[in-house]
Amino acid sequence: MVRVALAVLVLAVLAAVTFALAGDPGRASIDWLGWRIDMSAATALVLLAATGLVFTALWRAILWLASAPARAARARADARRRQAADCLSRGFLAAAAGDGSEARRLAHRAGELADEMPALVRLLTAAAADAAGDEPAMQAAHTAMLGFPEMRLAGHRGLMQLAIRRGDREEASRHAIAAYGMAKTARWAWRAVLEQNLERGDWVGALELVKSGLERKIVTPVAAERARAALLAASAASLEASPQANLRAQALDYAVQAAKLRPGFAPGVAVAARLLAADGRSPRAATLIEQAWKEAPHPALALAYRDLRTDETPRERGRRLHGLAALNPGHRESRLVEIEADLMMGDLAHARAAAAVIAQAEPPTARICALMARLAHAAGLADEARSWIVRAPAAPQEVEWSDIDPQGRAFAYAPADWARLVSTYAEGGELIHPRFERREPVMTELPDLPVTYQTSVPFLTAAETGAFAMLRPDDPGPDAEMWGDPLAEDDGGAPR
């Protein structure tokens, strides 16, 4: 209004100046209660404008005085809001720092001040109780949240976390399912329900959940595909040994789907190949293994491929393994398969030369020691074979070789291992190796040799080539002092 009055005054002044400059200022008269006032038109305009400005100022003053109580109330409310916001911010910082007593004090103070922010006060109350380790207070705070639609999701999450702390899986599952039904994009709820399904071994339920998560765009298509492949493989493995024919057929279907989804997923391909071979469909199993070998060779796949046929000669099997290695010739596993094939075909010179390259390029593992021992034994070098046998127990295990148990079964995982594999493979596309982590026995291919040494000539020949660590010969002769105390003297010199 002040701006309007100023505009009117400016216009009046401009009009007065215009009239004065025009040479005909005009006249204005006012008759009121017997009084008469004569003046120029310009003066009248200025007086009118000034009078309007004065009345406007008086009106504004009256309104300002009338609104003083409301302004004071607003100022007090603003001060309370500022204090409440300060208490809330400092309270959340105290809760994050683990200062439960300070967080509780500030939560109580914020509750007295923040009439317009009850949701934040409840969140701070729950966070303060958590920082103070007061589970009953946390339970009460999160339960109270369930009564407010905008806070119900946070309440379910807090109650779920409390149930997990107490070990109440059923209660945690109930809250996670309720939260997942409320929020379409709550990844934590989806993840919690998925983990509970995996923990129970409910592979079918987990598959449905992965499909739902993909539809809601909670997970990426790549992660969903990897998760489905791992879950299908886990489902197949759980039904593989079933005595019912329909369940074995279902297992075969699951395994083939897993191999189609992710051809490079070795556990799924290995289970599928096993089931297909048992069903008399070895050519189809061979095709799956060959496709997987092109993407990610694994020793379990090579063993499965080797044993697909039992009606062939060693030379035929060697040629077949050479064909598998040729699908990914630069990979270390392919070079090892070629050595195995040469050993089957009797080409010991080529096999030993290729194995020596691998043994020199890397620290020999227990698997390499076993392979070198087999090659030496096949060549008739018993002492060299023994030297590799001695090194094998102390050599490190290969991570992927640990996926094969002592009976030659690949990926014979427990349900908990499959559950962890699903999570790890879905998130990063990586396999787990639980047998390696637990240091469980693995399949060994060490040759069965007698304990006593044979003639020392092969031993000396091998020692001169530097192929193995030197061992004490049967009869050290005049150089006995160089070898130290004999291993045993009471049984003819044979080591115990």
# chains A, B, ... in the order shown; residues from 1 in each chain; ligands from 1

call {"tool": "residues_around", "arguments": {"residues": "Arg80 (chain A)", "least_positions_apart": "6", "cutoff": "12 Å", "atoms": "only C-alpha atoms", "output": "PyMOL selection string"}}
result
chain A and resi 73-74+86-88+109-117

call {"tool": "residues_around", "arguments": {"residues": "Gly155 (chain A)", "least_positions_apart": "5", "cutoff": "9 Å", "atoms": "only C-alpha atoms", "output": "PyMOL selection string"}}
result
chain A and resi 141-146+160+175

call {"tool": "residues_around", "arguments": {"residues": "Ala355 (chain A)", "least_positions_apart": "4", "cutoff": "12 Å", "atoms": "only C-alpha atoms", "output": "number ranges by chain"}}
result
A: 332-333, 335-340, 342-343, 348-351, 359-362, 364, 367-376, 467

call {"tool": "residues_around", "arguments": {"residues": "region 195-202 of chain A", "least_positions_apart": "6", "cutoff": "7 Å", "atoms": "only C-alpha atoms", "output": "list in words"}}
result
Ser173, Pro415, Ala416 and Ala419 of chain A

call {"tool": "closest_residue", "arguments": {"among": "A:Arg409, A:His331, A:Arg157, A:His322", "to": "Val271 (chain A)", "atoms": "only C-alpha atoms"}}
result
A:Arg409

call {"tool": "closest_residue", "arguments": {"among": "A:Leu381, A:Leu275, A:Leu214, A:Ala258", "to": "Ala241 (chain A)", "atoms": "only C-alpha atoms"}}
result
A:Leu275

call {"tool": "atom_distance", "arguments": {"atom1": "CA of Gln257 (chain A)", "atom2": "CA of Pro283 (chain A)"}}
result
16.9 Å

call {"tool": "atom_distance", "arguments": {"atom1": "CA of Ile432 (chain A)", "atom2": "CA of Ala234 (chain A)"}}
result
13.5 Å

call {"tool": "closest_residue", "arguments": {"among": "A:Gly428, A:Pro299, A:Gly264, A:Pro329", "to": "Trp401 (chain A)", "atoms": "only C-alpha atoms"}}
result
A:Pro299

call {"tool": "residues_around", "arguments": {"residues": "Leu431 (chain A)", "least_positions_apart": "2", "cutoff": "10 Å", "atoms": "only C-alpha atoms", "output": "list in words"}}
result
Ala230, Phe265, Ala266, Pro267, Glu400, Arg420, Leu421, Val422, Ser423, Thr424, Tyr425, Ala426, Gly428, Gly429, His433 and Pro434 of chain A

call {"tool": "select_by_dssp", "arguments": {"residues": "region 184-411 of chain A", "states": "alpha helix (DSSP H)", "output": "PyMOL selection string"}}
result
chain A and resi 187-200+203-215+221-240+245-261+266-278+282-295+299-306+314-325+332-345+348-361+366-378+382-391

call {"tool": "atom_distance", "arguments": {"atom1": "CA of Ala96 (chain A)", "atom2": "CA of Ala183 (chain A)"}}
result
25.8 Å
